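Enquirer: Here it is: the structure, laid out below.
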Amino acid sequence: MNSLEKQWIIIQAYKHNGELHRQWSHSYVLEDNEDYVILASVFASVIESDGRKWHTKEPAIFILSKKEWFNVIAMLKEDGVCFYVNIASPTIFDKGFLKYIDYDLDIKLYGDGSTKLLDVSEYRKHAHEQNYPDEIRSILSKSVDDVFAKMNAREFPFQANKINYYYKLFKKTVNQ
């Protein structure tokens, strides 16, 4: 795949059954390497599967993994960086979009270092309704453990200084 760097691109999240779940507009690709696509957005418009539209409230850096089963939205809030993790399939580039499958489970890392696993009931419901294979369930469970370990060790991408670096690069690159 050719590098996507310095392009504006749309990110699409799907569900296991193939239905489009959510779409983010106008995210700028800062880095495209073997492991991640790193993007920035400011007040992106988001379209939900039910047609509802909204705009993000703060700048964000997306770290979309190409190999691991999670991605990260690092939100630059007034009181620091907040990390929102989607437990999801590795991201692919397909037909002009960055795409992944969202597997419901989310983890939040707050500025004070506390963490929270979110949407467990939604995961259980969809896992049953959409018949997630045992292999996928096992991968997702391991991914949750891996994310918590990375958070606790403050490994990339859970480093506020790296997120701030990418945001400064974005502002410099697009003259914001």
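Labels used: A, B, ... for chains in the order of the structure tokens, numbers from 1 for residues in each chain, and numbers from 1 for ligands as shown.
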Just want the 12 Å neighbourhood of stretch 163-165 of chain A, counted on only C-alpha atoms, with same-chain residues fewer than 5 positions away dropped. Output as a VMD selection string.
Expert: chain A and resid 30 38 to 40 59 to 63 72 to 77 80 to 83 156 to 158 170 to 172
Enquirer: Check the DSSP output for the backbone and give back, as a PyMOL selection string, the residues of chain A in strand (DSSP E or B).
Expert: chain A and resi 8-14+20-32+36-41+45-48+53-55+60-65+70-77+80-88+92-94+97-109+115-118
Enquirer: Excluding A:Leu64 and any residue of its chain fewer than 4 positions from it, enumerate the residues within 9 Å of it, using only C-alpha atoms, and give them as a tab-separated table (two decimals) with N, CA, C and O atoms, in the first residue's frame.
Expert:
chain	number	residue	atom	x	y	z
A	35	ASP	N	3.12	-0.31	11.37
A	35	ASP	CA	2.28	-0.70	12.49
A	35	ASP	C	1.00	0.13	12.67
A	35	ASP	O	-0.01	-0.39	13.13
A	36	TYR	N	1.08	1.42	12.34
A	36	TYR	CA	-0.02	2.33	12.63
A	36	TYR	C	-0.25	3.32	11.50
A	36	TYR	O	0.67	3.67	10.76
A	37	VAL	N	-1.48	3.82	11.46
A	37	VAL	CA	-1.80	5.05	10.74
A	37	VAL	C	-2.17	6.05	11.82
A	37	VAL	O	-3.03	5.77	12.66
A	38	ILE	N	-1.49	7.19	11.82
A	38	ILE	CA	-1.73	8.21	12.85
A	38	ILE	C	-2.32	9.42	12.15
A	38	ILE	O	-1.76	9.93	11.18
A	39	LEU	N	-3.49	9.84	12.66
A	39	LEU	CA	-4.24	10.93	12.04
A	39	LEU	C	-4.59	11.98	13.07
A	39	LEU	O	-4.60	11.71	14.27
A	68	GLU	N	-2.54	-4.83	15.64
A	68	GLU	CA	-3.14	-5.14	16.93
A	68	GLU	C	-4.65	-4.91	16.88
A	68	GLU	O	-5.15	-4.17	16.05
A	70	PHE	N	-6.89	-3.17	18.45
A	70	PHE	CA	-7.42	-1.99	19.12
A	70	PHE	C	-6.99	-0.75	18.34
A	70	PHE	O	-6.08	-0.80	17.52
A	71	ASN	N	-7.70	0.34	18.59
A	71	ASN	CA	-7.26	1.64	18.09
A	71	ASN	C	-7.54	2.66	19.18
A	71	ASN	O	-8.28	2.39	20.13
A	72	VAL	N	-6.92	3.81	19.04
A	72	VAL	CA	-6.95	4.81	20.10
A	72	VAL	C	-7.37	6.16	19.53
A	72	VAL	O	-6.89	6.58	18.47
A	73	ILE	N	-8.26	6.82	20.26
A	73	ILE	CA	-8.57	8.22	19.99
A	73	ILE	C	-8.08	8.99	21.21
A	73	ILE	O	-8.59	8.81	22.31
A	90	PRO	N	-7.73	-5.05	13.38
A	90	PRO	CA	-6.71	-4.19	12.76
A	90	PRO	C	-7.34	-3.36	11.63
A	90	PRO	O	-8.28	-3.80	10.97
A	91	THR	N	-6.80	-2.17	11.43
A	91	THR	CA	-7.32	-1.24	10.42
A	91	THR	C	-6.76	-1.59	9.04
A	91	THR	O	-5.59	-1.94	8.91
A	98	LEU	N	-10.19	4.31	5.51
A	98	LEU	CA	-9.59	3.50	6.57
A	98	LEU	C	-10.74	2.82	7.29
A	98	LEU	O	-11.68	3.48	7.72
A	100	TYR	N	-12.22	-0.46	10.00
A	100	TYR	CA	-12.00	-1.48	11.03
A	100	TYR	C	-13.35	-1.96	11.53
A	100	TYR	O	-14.38	-1.32	11.31
Enquirer: Between atom CA of A:Val120 and atom CA of A:Thr56, what distance in Å does the model show, to one decimal?
Expert: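 Distance between the two atoms: 23.7 Å.
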Enquirer: If we count only C-alpha atoms, what is near stretch 149-155 of chain A at a cut-off of 12 Å, once residues fewer than 6 positions away on the same chain are taken out, given as a PDB file with N, CA and C atoms, in the first residue's frame?
Expert:
ATOM      1  N   PHE A  70      -6.890  -3.171  18.453  1.00  0.00           N
ATOM      2  CA  PHE A  70      -7.416  -1.985  19.125  1.00  0.00           C
ATOM      3  C   PHE A  70      -6.988  -0.755  18.345  1.00  0.00           C
ATOM      4  N   VAL A  72      -6.920   3.813  19.039  1.00  0.00           N
ATOM      5  CA  VAL A  72      -6.955   4.814  20.098  1.00  0.00           C
ATOM      6  C   VAL A  72      -7.373   6.158  19.529  1.00  0.00           C
ATOM      7  N   CYS A  82      -6.850  12.644  27.123  1.00  0.00           N
ATOM      8  CA  CYS A  82      -7.697  11.527  27.545  1.00  0.00           C
ATOM      9  C   CYS A  82      -7.675  10.506  26.408  1.00  0.00           C
ATOM     10  N   PHE A  83      -7.423   9.250  26.737  1.00  0.00           N
ATOM     11  CA  PHE A  83      -7.322   8.196  25.737  1.00  0.00           C
ATOM     12  C   PHE A  83      -8.581   7.341  25.739  1.00  0.00           C
ATOM     13  N   TYR A  84      -9.166   7.179  24.560  1.00  0.00           N
ATOM     14  CA  TYR A  84     -10.348   6.342  24.389  1.00  0.00           C
ATOM     15  C   TYR A  84      -9.961   5.217  23.446  1.00  0.00           C
ATOM     16  N   VAL A  85     -10.072   3.997  23.903  1.00  0.00           N
ATOM     17  CA  VAL A  85      -9.636   2.843  23.129  1.00  0.00           C
ATOM     18  C   VAL A  85     -10.848   2.050  22.660  1.00  0.00           C
ATOM     19  N   ILE A 107     -12.095   1.104  26.332  1.00  0.00           N
ATOM     20  CA  ILE A 107     -11.347   1.366  27.559  1.00  0.00           C
ATOM     21  C   ILE A 107     -10.981   2.844  27.554  1.00  0.00           C
ATOM     22  N   LYS A 108     -11.171   3.472  28.680  1.00  0.00           N
ATOM     23  CA  LYS A 108     -10.839   4.883  28.793  1.00  0.00           C
ATOM     24  C   LYS A 108      -9.703   5.048  29.800  1.00  0.00           C
ATOM     25  N   LEU A 109      -8.702   5.830  29.412  1.00  0.00           N
ATOM     26  CA  LEU A 109      -7.603   6.202  30.299  1.00  0.00           C
ATOM     27  C   LEU A 109      -7.715   7.695  30.521  1.00  0.00           C
ATOM     28  N   TYR A 110      -7.998   8.074  31.756  1.00  0.00           N
ATOM     29  CA  TYR A 110      -8.203   9.468  32.113  1.00  0.00           C
ATOM     30  C   TYR A 110      -6.875  10.149  32.417  1.00  0.00           C
ATOM     31  N   GLY A 111      -6.881  11.463  32.417  1.00  0.00           N
ATOM     32  CA  GLY A 111      -5.691  12.252  32.684  1.00  0.00           C
ATOM     33  C   GLY A 111      -5.056  11.973  34.031  1.00  0.00           C
ATOM     34  N   GLY A 113      -4.778   9.100  35.334  1.00  0.00           N
ATOM     35  CA  GLY A 113      -4.220   7.752  35.317  1.00  0.00           C
ATOM     36  C   GLY A 113      -5.211   6.637  35.582  1.00  0.00           C
ATOM     37  N   SER A 114      -6.431   6.984  35.962  1.00  0.00           N
ATOM     38  CA  SER A 114      -7.432   5.945  36.201  1.00  0.00           C
ATOM     39  C   SER A 114      -7.948   5.392  34.867  1.00  0.00           C
ATOM     40  N   THR A 115      -8.425   4.160  34.910  1.00  0.00           N
ATOM     41  CA  THR A 115      -8.925   3.497  33.711  1.00  0.00           C
ATOM     42  C   THR A 115     -10.315   2.930  33.963  1.00  0.00           C
ATOM     43  N   LYS A 116     -11.023   2.694  32.867  1.00  0.00           N
ATOM     44  CA  LYS A 116     -12.358   2.108  32.992  1.00  0.00           C
ATOM     45  C   LYS A 116     -12.680   1.311  31.736  1.00  0.00           C
ATOM     46  N   LYS A 142      -7.767 -11.065  24.937  1.00  0.00           N
ATOM     47  CA  LYS A 142      -6.325 -10.824  25.021  1.00  0.00           C
ATOM     48  C   LYS A 142      -6.015  -9.361  24.724  1.00  0.00           C
ATOM     49  N   SER A 143      -6.711  -8.779  23.770  1.00  0.00           N
ATOM     50  CA  SER A 143      -6.487  -7.372  23.419  1.00  0.00           C
ATOM     51  C   SER A 143      -6.796  -6.454  24.597  1.00  0.00           C
ATOM     52  N   ASN A 161       2.961  13.039  25.840  1.00  0.00           N
ATOM     53  CA  ASN A 161       3.957  13.844  25.128  1.00  0.00           C
ATOM     54  C   ASN A 161       3.985  13.506  23.636  1.00  0.00           C
ATOM     55  N   LYS A 162       3.795  12.239  23.276  1.00  0.00           N
ATOM     56  CA  LYS A 162       3.748  11.854  21.857  1.00  0.00           C
ATOM     57  C   LYS A 162       2.485  12.406  21.194  1.00  0.00           C
TER      58      LYS A 162
END
Enquirer: Looking at A:Val144, A:Val42, A:Ile10, A:Ile139, which one is nearest to A:Lys95, with distances taken over only C-alpha atoms?
Expert: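 Among the listed residues, A:Ile10 lies closest to A:Lys95.
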Enquirer: What is the atom CA of A:Ala13-atom CA of A:Ser121 distance in Å, reported with one decimal?
Expert: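 Going from atom CA of A:Ala13 over to atom CA of A:Ser121, I get 19.2 Å.
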Enquirer: With only C-alpha atoms as the counted atoms, please give the residues lying no more than 7 Å from A:Ile101, apart from itself and same-chain residues fewer than 4 positions off, as JSON, numbers by chain.
Expert: {"A": [13, 14, 15, 16, 88, 89]}
Enquirer: When DSSP works through the backbone of this structure, what residues of chain A end up as helix (DSSP H, G or I), shown as a ChimeraX atom specification?
Expert: /A:120-129,134-153,160-174
Enquirer: Please report the interatomic distance between atom CA of A:Ile87 and atom CA of A:Trp69 in Å with one decimal.
Expert: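 Taking atom CA of A:Ile87 as the start and atom CA of A:Trp69 as the end point, the length is 6.0 Å.
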Enquirer: List every residue of stretch 72-142 of chain A that has an atom at most 12 Å from any atom of stretch 3-7 of chain A, giving for each one its closest atom pair and the distance in Å to one decimal, counting only C-alpha atoms, sorted by chain and then by ascending residue number, as JSON lines.
Expert:
{"residue": "A:Ile92", "atom": "CA", "partner": "A:Leu4", "partner_atom": "CA", "distance": 11.7}
{"residue": "A:Phe93", "atom": "CA", "partner": "A:Leu4", "partner_atom": "CA", "distance": 9.2}
{"residue": "A:Asp94", "atom": "CA", "partner": "A:Leu4", "partner_atom": "CA", "distance": 11.9}
{"residue": "A:Gly96", "atom": "CA", "partner": "A:Leu4", "partner_atom": "CA", "distance": 9.9}
{"residue": "A:Phe97", "atom": "CA", "partner": "A:Leu4", "partner_atom": "CA", "distance": 10.5}
{"residue": "A:Leu98", "atom": "CA", "partner": "A:Leu4", "partner_atom": "CA", "distance": 10.0}
Enquirer: Just write the chosen residues, N, CA, C and O atoms, as a tab-separated table (two decimals), in the first residue's frame.
Expert:
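Written out: out24.tsv:
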chain	number	residue	atom	x	y	z
A	92	ILE	N	-7.62	-1.48	8.05
A	92	ILE	CA	-7.19	-1.68	6.65
A	92	ILE	C	-7.55	-0.44	5.85
A	92	ILE	O	-8.43	0.35	6.24
A	93	PHE	N	-6.88	-0.26	4.71
A	93	PHE	CA	-7.23	0.78	3.75
A	93	PHE	C	-7.95	0.09	2.62
A	93	PHE	O	-7.40	-0.83	1.99
A	94	ASP	N	-9.21	0.48	2.38
A	94	ASP	CA	-10.02	-0.20	1.38
A	94	ASP	C	-10.92	0.81	0.68
A	94	ASP	O	-11.66	1.55	1.33
A	96	GLY	N	-10.50	3.66	-0.62
A	96	GLY	CA	-10.34	5.06	-0.26
A	96	GLY	C	-10.67	5.41	1.18
A	96	GLY	O	-10.65	6.58	1.55
A	97	PHE	N	-10.98	4.42	2.00
A	97	PHE	CA	-11.34	4.64	3.40
A	97	PHE	C	-10.43	3.82	4.31
A	97	PHE	O	-9.99	2.72	3.94
A	98	LEU	N	-10.19	4.31	5.51
A	98	LEU	CA	-9.59	3.50	6.57
A	98	LEU	C	-10.74	2.82	7.29
A	98	LEU	O	-11.68	3.48	7.72
Enquirer: Please provide the set of residues having any atom within 12 Å of stretch 45-50 of chain A, restricted to only C-alpha atoms, with same-chain residues fewer than 6 positions apart removed, written as a list in words.
Expert: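 Non-adjacent residues within range: Ile10, Ile11, Gln12, Ala13, Tyr14, Lys15, Gly18, Glu19, Leu20, His21, Arg22, Gln23, Trp24, Ser25, His26, Ser27, Thr56, Lys57, Glu58 and Pro59 of chain A.
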Enquirer: With C-alpha atoms kept, could you save the residues just selected as a PDB file, in the first residue's frame?
Expert:
ATOM      1  CA  ILE A  10     -12.464   9.269   6.106  1.00  0.00           C
ATOM      2  CA  ILE A  11     -12.438   6.631   8.854  1.00  0.00           C
ATOM      3  CA  GLN A  12     -15.215   4.035   8.928  1.00  0.00           C
ATOM      4  CA  ALA A  13     -16.088   1.686  11.783  1.00  0.00           C
ATOM      5  CA  TYR A  14     -18.136  -1.401  11.008  1.00  0.00           C
ATOM      6  CA  LYS A  15     -19.783  -4.028  13.169  1.00  0.00           C
ATOM      7  CA  GLY A  18     -20.694  -5.874   8.113  1.00  0.00           C
ATOM      8  CA  GLU A  19     -22.993  -2.943   8.889  1.00  0.00           C
ATOM      9  CA  LEU A  20     -21.487   0.539   8.952  1.00  0.00           C
ATOM     10  CA  HIS A  21     -21.433   1.703  12.569  1.00  0.00           C
ATOM     11  CA  ARG A  22     -19.846   5.178  12.474  1.00  0.00           C
ATOM     12  CA  GLN A  23     -17.909   7.444  10.123  1.00  0.00           C
ATOM     13  CA  TRP A  24     -15.500  10.320  10.878  1.00  0.00           C
ATOM     14  CA  SER A  25     -14.873  12.969   8.264  1.00  0.00           C
ATOM     15  CA  HIS A  26     -11.738  14.895   7.401  1.00  0.00           C
ATOM     16  CA  SER A  27      -8.946  13.318   9.373  1.00  0.00           C
ATOM     17  CA  THR A  56     -16.232  16.281  18.022  1.00  0.00           C
ATOM     18  CA  LYS A  57     -15.648  18.864  20.762  1.00  0.00           C
ATOM     19  CA  GLU A  58     -11.869  18.856  20.896  1.00  0.00           C
ATOM     20  CA  PRO A  59      -8.881  18.075  18.708  1.00  0.00           C
TER      21      PRO A  59
END
Enquirer: So, counting only C-alpha atoms, which residue among A:Trp54, A:Tyr132, A:Tyr28, A:Phe43 is closest to A:Trp8?
Expert: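 Closest to A:Trp8, using only C-alpha atoms: A:Tyr28.
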